[in-house]
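Next comes final-v4.txt, a file with compact mmCIF, C-alpha atoms.
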```txt
# COMPACT_ATOMS: atom_id res chain seq x y z
CA MET O 1 -10.48 2.26 16.01
CA GLN O 2 -10.97 6.04 15.74
CA TRP O 3 -9.03 6.54 18.97
CA GLU O 4 -6.26 4.38 17.60
CA ASN O 5 -6.08 6.52 14.47
CA LEU O 6 -6.07 9.66 16.60
CA TYR O 7 -3.15 8.42 18.71
CA TYR O 8 -1.11 7.58 15.62
CA ALA O 9 -2.10 10.81 13.86
CA LEU O 10 -1.12 13.01 16.82
CA THR O 11 2.19 11.20 17.10
CA GLN O 12 2.73 11.60 13.35
CA LEU O 13 1.97 15.31 13.69
CA VAL O 14 4.67 15.72 16.34
CA HIS O 15 7.05 13.53 14.33
CA ASN O 16 6.54 15.65 11.19
CA PHE O 17 7.32 18.88 13.01
CA GLY O 18 10.41 17.22 14.45
CA ALA O 19 11.48 16.39 10.90
CA LEU O 20 10.84 19.96 9.84
CA ALA O 21 13.02 21.23 12.70
CA VAL O 22 15.98 18.89 12.07
CA ALA O 23 16.14 19.52 8.33
CA GLY O 24 14.90 23.12 8.20
CA GLY O 25 16.86 24.21 11.27
CA ALA O 26 20.09 22.76 9.94
CA LEU O 27 19.61 24.29 6.48
CA ALA O 28 18.83 27.64 8.10
CA GLY O 29 21.97 27.33 10.23
CA LEU O 30 23.98 26.58 7.13
CA LYS O 31 22.61 29.64 5.34
CA ALA O 32 22.79 31.99 8.33
CA ASN O 33 25.45 34.65 8.61
CA ASN O 34 28.53 32.89 9.98
CA ASP O 35 29.45 35.88 12.16
CA ASN O 36 26.13 35.77 13.97
CA LEU O 37 26.84 33.03 16.47
CA GLN O 38 23.83 33.92 18.59
CA LEU O 39 21.47 33.27 15.68
CA GLN O 40 23.26 30.03 14.86
CA ARG O 41 22.89 28.90 18.47
CA LYS O 42 19.13 29.45 18.20
CA PHE O 43 19.05 27.22 15.14
CA ALA O 44 21.18 24.67 16.99
CA TRP O 45 18.66 24.56 19.82
CA LEU O 46 15.89 24.13 17.25
CA VAL O 47 17.74 21.20 15.68
CA LEU O 48 18.40 19.64 19.09
CA GLY O 49 14.72 19.97 19.96
CA GLY O 50 13.81 18.50 16.61
CA TRP O 51 15.96 15.41 17.07
CA GLY O 52 14.63 14.96 20.60
CA THR O 53 11.09 15.22 19.25
CA GLN O 54 11.86 12.74 16.49
CA ALA O 55 13.27 10.21 18.95
CA ALA O 56 10.42 10.62 21.43
CA SER O 57 7.65 10.44 18.84
CA GLY O 58 9.35 7.51 17.12
CA LEU O 59 9.36 5.62 20.40
CA THR O 60 5.75 6.64 20.95
CA PHE O 61 4.71 4.95 17.68
CA GLY O 62 6.08 1.68 19.02
CA ALA O 63 4.59 2.30 22.46
CA ILE O 64 1.10 2.84 21.03
CA SER O 65 1.27 -0.44 19.10
CA LEU O 66 2.57 -2.21 22.18
CA TYR O 67 -0.18 -0.69 24.31
CA LEU O 68 -3.02 -1.52 21.90
CA TYR O 69 -1.92 -4.88 20.50
CA GLY O 70 0.86 -6.12 22.75
CA GLU O 71 3.26 -6.04 19.77
CA THR O 72 5.55 -3.59 18.10
CA PRO O 73 5.23 -3.06 14.32
CA ASP O 74 6.45 -5.85 12.04
CA LEU O 75 9.16 -4.51 9.79
CA HIS O 76 10.53 -5.97 6.58
CA LEU O 77 14.33 -6.04 6.23
CA ILE O 78 14.35 -2.91 4.07
CA ALA O 79 12.23 -1.10 6.64
CA GLN O 80 14.50 -2.33 9.43
CA ALA O 81 17.51 -0.91 7.59
CA ALA O 82 15.67 2.40 7.16
CA LEU O 83 14.84 2.47 10.87
CA ILE O 84 18.47 1.81 11.80
CA ILE O 85 19.54 4.68 9.54
CA LYS O 86 17.01 6.98 11.17
CA VAL O 87 18.13 6.03 14.68
CA ALA O 88 21.78 6.47 13.71
CA CYS O 89 20.98 9.93 12.27
CA ALA O 90 19.16 10.90 15.47
CA VAL O 91 21.97 9.74 17.75
CA THR O 92 24.64 11.41 15.61
CA GLY O 93 22.57 14.57 15.24
CA ILE O 94 21.95 14.89 18.98
CA LEU O 95 25.64 14.33 19.79
CA LEU O 96 26.88 16.73 17.11
CA VAL O 97 24.49 19.55 17.86
CA SER O 98 25.09 19.17 21.61
CA PHE O 99 28.82 19.40 20.94
CA TYR O 100 28.16 22.43 18.74
CA LEU O 101 26.25 24.20 21.49
CA ARG O 102 29.11 23.59 23.96
CA ARG O 103 32.09 24.30 21.74
CA ALA O 104 31.14 26.24 18.60
CA SER O 105 32.17 29.60 20.03
CA HIS O 106 35.77 28.36 19.87
CA TRP O 107 35.45 26.96 16.35
CA SER O 108 36.52 28.53 13.08
CA VAL O 109 33.88 29.66 10.60
CA ARG O 110 34.80 26.76 8.34
CA ARG O 111 34.40 24.22 11.11
CA ARG O 112 31.00 25.62 12.05
CA ARG O 113 29.90 25.47 8.40
CA ASN O 114 31.02 21.85 8.21
CA ALA O 115 29.01 21.03 11.32
CA TRP O 116 25.89 22.62 9.81
CA ALA O 117 26.43 20.78 6.55
CA ILE O 118 26.66 17.46 8.38
CA LEU O 119 23.55 18.28 10.42
CA ALA O 120 21.66 19.18 7.25
CA GLY O 121 22.82 15.94 5.63
CA LEU O 122 21.66 13.93 8.65
CA GLY O 123 18.25 15.59 8.53
CA ILE O 124 17.82 14.92 4.82
CA LEU O 125 19.05 11.34 5.17
CA ALA O 126 16.61 10.66 8.02
CA LEU O 127 13.74 12.15 6.01
CA SER O 128 14.63 9.98 3.04
CA ALA O 129 14.87 6.85 5.17
CA ALA O 130 11.44 7.64 6.63
CA ALA O 131 9.83 7.12 3.22
CA PHE O 132 11.30 3.61 2.97
CA LEU O 133 10.34 2.83 6.56
CA ARG O 134 6.76 3.85 5.83
CA TRP O 135 6.23 1.92 2.61
CA PHE O 136 8.52 -1.09 2.94
CA ALA O 137 7.34 -2.14 6.39
CA MET S 1 9.52 12.70 25.82
CA ASN S 2 8.08 11.93 29.26
CA ARG S 3 5.57 14.72 28.90
CA MET S 4 4.33 13.45 25.53
CA GLN S 5 4.10 9.89 26.80
CA SER S 6 2.20 11.08 29.84
CA VAL S 7 -0.28 12.87 27.62
CA TYR S 8 -0.83 9.73 25.58
CA THR S 9 -1.07 7.52 28.63
CA CYS S 10 -3.74 9.81 30.09
CA SER S 11 -5.59 9.76 26.77
CA PHE S 12 -5.57 5.98 26.74
CA ILE S 13 -6.94 5.81 30.26
CA LEU S 14 -9.61 8.44 29.63
CA SER S 15 -10.77 6.83 26.42
CA GLY S 16 -11.16 3.47 28.09
CA VAL S 17 -9.55 1.68 25.22
CA ALA S 18 -9.25 -2.00 25.96
CA ILE S 19 -5.87 -3.58 25.55
CA ALA S 20 -6.14 -6.16 22.79
CA VAL S 21 -3.37 -8.65 23.21
CA SER S 22 -2.70 -10.38 19.92
CA THR S 23 -3.26 -14.09 19.72
CA ALA S 24 -2.35 -16.60 17.09
CA VAL S 25 -5.84 -17.99 16.47
CA ALA S 26 -6.62 -18.96 12.87
CA ASP S 27 -9.32 -16.74 11.43
CA PRO S 28 -11.99 -17.88 8.92
CA ASN S 29 -11.82 -14.47 7.26
CA LEU S 30 -8.20 -15.01 6.43
CA LYS S 31 -7.56 -17.88 4.06
CA ILE S 32 -4.58 -19.29 2.24
CA LEU S 33 -6.39 -20.90 -0.70
CA SER S 34 -3.28 -22.53 -2.09
CA PRO S 35 -1.02 -24.26 -1.47
CA ALA S 36 -3.00 -26.45 0.93
CA ASP S 37 -1.79 -27.04 4.46
CA GLY S 38 0.80 -29.82 4.31
CA ALA S 39 1.20 -29.56 0.53
CA VAL S 40 4.44 -30.51 -1.16
CA VAL S 41 6.03 -27.77 -3.28
CA GLN S 42 8.97 -28.03 -5.63
CA ALA S 43 12.27 -26.94 -4.12
CA GLY S 44 14.04 -24.32 -6.21
CA HIS S 45 10.81 -23.07 -7.79
CA ASP S 46 8.71 -20.00 -7.05
CA VAL S 47 5.78 -20.71 -4.75
CA PRO S 48 2.56 -18.88 -5.66
CA VAL S 49 0.41 -18.29 -2.60
CA GLU S 50 -3.24 -17.54 -3.30
CA TYR S 51 -5.02 -15.82 -0.43
CA GLU S 52 -8.25 -14.13 0.52
CA ILE S 53 -8.47 -11.62 3.33
CA ARG S 54 -11.39 -9.90 5.02
CA PRO S 55 -9.72 -7.73 7.64
CA LYS S 56 -11.27 -7.16 11.03
CA PRO S 57 -11.96 -3.54 12.06
CA GLY S 58 -8.61 -1.85 12.55
CA GLY S 59 -6.93 -4.01 9.92
CA ASP S 60 -5.42 -2.07 7.05
CA HIS S 61 -3.31 -4.48 4.99
CA SER S 62 -1.49 -7.76 5.53
CA HIS S 63 2.00 -9.16 5.75
CA ILE S 64 3.12 -12.56 4.49
CA TYR S 65 5.81 -14.46 6.35
CA ILE S 66 7.94 -17.43 5.48
CA ASP S 67 9.39 -19.17 8.51
CA HIS S 68 8.42 -16.17 10.64
CA LYS S 69 10.35 -13.70 8.51
CA GLU S 70 8.37 -11.06 6.64
CA ALA S 71 8.45 -11.82 2.92
CA GLY S 72 6.09 -9.19 1.57
CA ILE S 73 3.24 -6.77 1.94
CA LEU S 74 -0.25 -7.68 0.73
CA ARG S 75 -2.37 -4.68 -0.13
CA ARG S 76 -5.01 -6.59 -2.11
CA LYS S 77 -7.82 -8.52 -0.44
CA LYS S 78 -7.66 -11.44 -2.85
CA ALA S 79 -4.65 -12.15 -5.03
CA ILE S 80 -1.64 -14.36 -5.57
CA PHE S 81 1.71 -13.52 -4.00
CA VAL S 82 4.72 -15.32 -5.40
CA LEU S 83 7.27 -16.41 -2.82
CA ASN S 84 10.90 -16.88 -3.80
CA PRO S 85 12.02 -20.52 -4.17
CA LEU S 86 12.18 -22.38 -0.86
CA PRO S 87 15.06 -24.60 0.15
CA ALA S 88 14.25 -28.25 0.75
CA GLY S 89 12.53 -28.97 4.03
CA GLU S 90 9.47 -27.98 6.00
CA HIS S 91 8.41 -24.35 5.99
CA VAL S 92 5.71 -22.27 7.63
CA ILE S 93 3.81 -19.67 5.60
CA CYS S 94 1.76 -17.17 7.58
CA LEU S 95 -0.51 -14.24 6.81
CA LYS S 96 -1.10 -11.55 9.39
CA VAL S 97 -3.44 -8.61 9.13
CA VAL S 98 -1.76 -5.45 10.40
CA ASN S 99 -2.95 -1.92 11.13
CA LYS S 100 -1.75 1.25 9.41
CA ALA S 101 1.34 1.23 11.62
CA HIS S 102 2.21 -2.33 10.49
CA THR S 103 1.34 -3.84 13.86
CA PRO S 104 -0.35 -7.28 13.76
CA ILE S 105 -3.90 -6.96 15.11
CA GLY S 106 -4.22 -10.63 16.08
CA GLN S 107 -5.86 -11.88 12.87
CA GLU S 108 -3.57 -14.46 11.31
CA THR S 109 -3.38 -17.86 9.71
CA CYS S 110 -0.51 -20.23 8.98
CA ILE S 111 0.10 -23.34 6.90
CA LYS S 112 3.00 -25.74 6.61
CA VAL S 113 4.46 -26.77 3.28
CA ILE S 114 7.13 -29.28 2.48
CA SER S 115 9.63 -28.28 -0.15
CA GLN S 116 11.34 -31.15 -1.97
```
The structure in this file should be written as structure tokens.
Amino acid sequence: MQWENLYYALTQLVHNFGALAVAGGALAGLKANNDNLQLQRKFAWLVLGGWGTQAASGLTFGAISLYLYGETPDLHLIAQAALIIKVACAVTGILLVSFYLRRASHWSVRRRRNAWAILAGLGILALSAAAFLRWFA
Amino acid sequence: MNRMQSVYTCSFILSGVAIAVSTAVADPNLKILSPADGAVVQAGHDVPVEYEIRPKPGGDHSHIYIDHKEAGILRRKKAIFVLNPLPAGEHVICLKVVNKAHTPIGQETCIKVISQ
């Protein structure tokens, strides 16, 4: 029982820092000086790491349940919708920030700003969906 | 991801946690007080389900299911949950105790009702 709580708590800890990175990193990128591409790339790596952490820790939640009880969590329809939104945000975020890291040096300032705005929006949307996933499951 | 999972896997092995595979055995500490098993309920009317739950260690709250679809979350140990009207026919109402991560821990009970 205590071990079970510890597994979930450690996973939640990692998941929370992932959330901090995807939302905070994207907002920092949006606010950063647009001429400083090197700084923006650092934030982009932070956001990429954050989404990777979110995906991995999210899968780990399911894996722990599967390991301990042979079942994944039971989710109500509202929670299922929230989970789908979170997964969609993660996939879109990973693709967009990866694209940013490869191509942003050729982009206009406006295009880079738009990319950061979308990344920030994805982070905030995923964080919002997480609340519904937690309490409507 | 692989690194994190490896860490957890090692932790599981080191802690010697037994794998508890969930089973669908009815539990005396989990009761649907009404309607009774096999009861007839009125189609097109709300169905109040009175229950009493004493969760096993690890249980946090419960879920109620109608025909194996989750219909609600039960956070009280003894209360009445009102199901939406059921279409005519036979239906299965189940309660499952779940842990904090909403995973069924193997403590569950089910009844059948006939809506007409």
**Asked** From the list S:Leu74, S:Val92, S:Cys110, S:Leu83, which residue is nearest chain O when using all atoms listed in the file?
**Response**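 Among the listed residues, S:Leu74 lies closest to chain O.
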Residues of chain O at most 10 Å from chain S: nearest atom pair and distance in Å, all atoms listed in the file, as JSON lines:
```
{"residue": "O:Met1", "atom": "CA", "partner": "S:Gly58", "partner_atom": "CA", "distance": 5.7}
{"residue": "O:Gln2", "atom": "CA", "partner": "S:Gly58", "partner_atom": "CA", "distance": 8.8}
{"residue": "O:Trp3", "atom": "CA", "partner": "S:Ser15", "partner_atom": "CA", "distance": 7.7}
{"residue": "O:Glu4", "atom": "CA", "partner": "S:Gly58", "partner_atom": "CA", "distance": 8.4}
{"residue": "O:Asn5", "atom": "CA", "partner": "S:Lys100", "partner_atom": "CA", "distance": 8.5}
{"residue": "O:Tyr7", "atom": "CA", "partner": "S:Tyr8", "partner_atom": "CA", "distance": 7.4}
{"residue": "O:Tyr8", "atom": "CA", "partner": "S:Ala101", "partner_atom": "CA", "distance": 7.9}
{"residue": "O:Leu10", "atom": "CA", "partner": "S:Tyr8", "partner_atom": "CA", "distance": 9.4}
{"residue": "O:Thr11", "atom": "CA", "partner": "S:Met4", "partner_atom": "CA", "distance": 9.0}
{"residue": "O:Val14", "atom": "CA", "partner": "S:Met4", "partner_atom": "CA", "distance": 9.5}
{"residue": "O:Gly52", "atom": "CA", "partner": "S:Met1", "partner_atom": "CA", "distance": 7.6}
{"residue": "O:Thr53", "atom": "CA", "partner": "S:Met1", "partner_atom": "CA", "distance": 7.2}
{"residue": "O:Gln54", "atom": "CA", "partner": "S:Met1", "partner_atom": "CA", "distance": 9.6}
{"residue": "O:Ala55", "atom": "CA", "partner": "S:Met1", "partner_atom": "CA", "distance": 8.2}
{"residue": "O:Ala56", "atom": "CA", "partner": "S:Met1", "partner_atom": "CA", "distance": 4.9}
{"residue": "O:Ser57", "atom": "CA", "partner": "S:Met1", "partner_atom": "CA", "distance": 7.6}
{"residue": "O:Leu59", "atom": "CA", "partner": "S:Met1", "partner_atom": "CA", "distance": 8.9}
{"residue": "O:Thr60", "atom": "CA", "partner": "S:Gln5", "partner_atom": "CA", "distance": 6.9}
{"residue": "O:Phe61", "atom": "CA", "partner": "S:Ala101", "partner_atom": "CA", "distance": 7.9}
{"residue": "O:Gly62", "atom": "CA", "partner": "S:Ala101", "partner_atom": "CA", "distance": 8.8}
{"residue": "O:Ala63", "atom": "CA", "partner": "S:Gln5", "partner_atom": "CA", "distance": 8.8}
{"residue": "O:Ile64", "atom": "CA", "partner": "S:Tyr8", "partner_atom": "CA", "distance": 8.5}
{"residue": "O:Ser65", "atom": "CA", "partner": "S:Thr103", "partner_atom": "CA", "distance": 6.2}
{"residue": "O:Leu66", "atom": "CA", "partner": "S:Thr103", "partner_atom": "CA", "distance": 8.6}
{"residue": "O:Tyr67", "atom": "CA", "partner": "S:Ile19", "partner_atom": "CA", "distance": 6.5}
{"residue": "O:Leu68", "atom": "CA", "partner": "S:Ile19", "partner_atom": "CA", "distance": 5.1}
{"residue": "O:Tyr69", "atom": "CA", "partner": "S:Val21", "partner_atom": "CA", "distance": 4.9}
{"residue": "O:Gly70", "atom": "CA", "partner": "S:Val21", "partner_atom": "CA", "distance": 5.0}
{"residue": "O:Glu71", "atom": "CA", "partner": "S:Thr103", "partner_atom": "CA", "distance": 6.6}
{"residue": "O:Thr72", "atom": "CA", "partner": "S:Thr103", "partner_atom": "CA", "distance": 6.0}
{"residue": "O:Pro73", "atom": "CA", "partner": "S:Thr103", "partner_atom": "CA", "distance": 4.0}
{"residue": "O:Asp74", "atom": "CA", "partner": "S:His102", "partner_atom": "CA", "distance": 5.7}
{"residue": "O:Leu75", "atom": "CA", "partner": "S:Glu70", "partner_atom": "CA", "distance": 7.3}
{"residue": "O:His76", "atom": "CA", "partner": "S:Glu70", "partner_atom": "CA", "distance": 5.5}
{"residue": "O:Leu77", "atom": "CA", "partner": "S:Glu70", "partner_atom": "CA", "distance": 7.8}
{"residue": "O:Arg134", "atom": "CA", "partner": "S:Ala101", "partner_atom": "CA", "distance": 8.4}
{"residue": "O:Trp135", "atom": "CA", "partner": "S:Ile73", "partner_atom": "CA", "distance": 9.2}
{"residue": "O:Phe136", "atom": "CA", "partner": "S:Ile73", "partner_atom": "CA", "distance": 7.8}
{"residue": "O:Ala137", "atom": "CA", "partner": "S:His102", "partner_atom": "CA", "distance": 6.6}
```
**Item:** For region 30-42 of chain S: contacts at 8 Å, all atoms listed in the file, fewer than 6 positions along chain excluded, given as a ChimeraX atom specification
**Value:** /S:48-55,95,107-116
File dump, residues just selected, C-alpha atoms, as a PDB file, in the frame of the given file:
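Output (part25.pdb):
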```
ATOM      1  CA  PRO S  48       2.560 -18.880  -5.660  1.00  0.00           C
ATOM      2  CA  VAL S  49       0.410 -18.290  -2.600  1.00  0.00           C
ATOM      3  CA  GLU S  50      -3.240 -17.540  -3.300  1.00  0.00           C
ATOM      4  CA  TYR S  51      -5.020 -15.820  -0.430  1.00  0.00           C
ATOM      5  CA  GLU S  52      -8.250 -14.130   0.520  1.00  0.00           C
ATOM      6  CA  ILE S  53      -8.470 -11.620   3.330  1.00  0.00           C
ATOM      7  CA  ARG S  54     -11.390  -9.900   5.020  1.00  0.00           C
ATOM      8  CA  PRO S  55      -9.720  -7.730   7.640  1.00  0.00           C
ATOM      9  CA  LEU S  95      -0.510 -14.240   6.810  1.00  0.00           C
ATOM     10  CA  GLN S 107      -5.860 -11.880  12.870  1.00  0.00           C
ATOM     11  CA  GLU S 108      -3.570 -14.460  11.310  1.00  0.00           C
ATOM     12  CA  THR S 109      -3.380 -17.860   9.710  1.00  0.00           C
ATOM     13  CA  CYS S 110      -0.510 -20.230   8.980  1.00  0.00           C
ATOM     14  CA  ILE S 111       0.100 -23.340   6.900  1.00  0.00           C
ATOM     15  CA  LYS S 112       3.000 -25.740   6.610  1.00  0.00           C
ATOM     16  CA  VAL S 113       4.460 -26.770   3.280  1.00  0.00           C
ATOM     17  CA  ILE S 114       7.130 -29.280   2.480  1.00  0.00           C
ATOM     18  CA  SER S 115       9.630 -28.280  -0.150  1.00  0.00           C
ATOM     19  CA  GLN S 116      11.340 -31.150  -1.970  1.00  0.00           C
TER      20      GLN S 116
END
```
**Prompt:** What is the distance, in Å and to one decimal place, between CA of Val97 (chain O) and CA of Asn34 (chain O)?
**Reply:** 16.0 Å
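When CA of Val82 (chain S) is paired with CA of Asp60 (chain S), their separation reads 20.8 Å.
Take CA of Leu6 (chain O) and CA of Leu83 (chain O): the distance between them is 22.8 Å.
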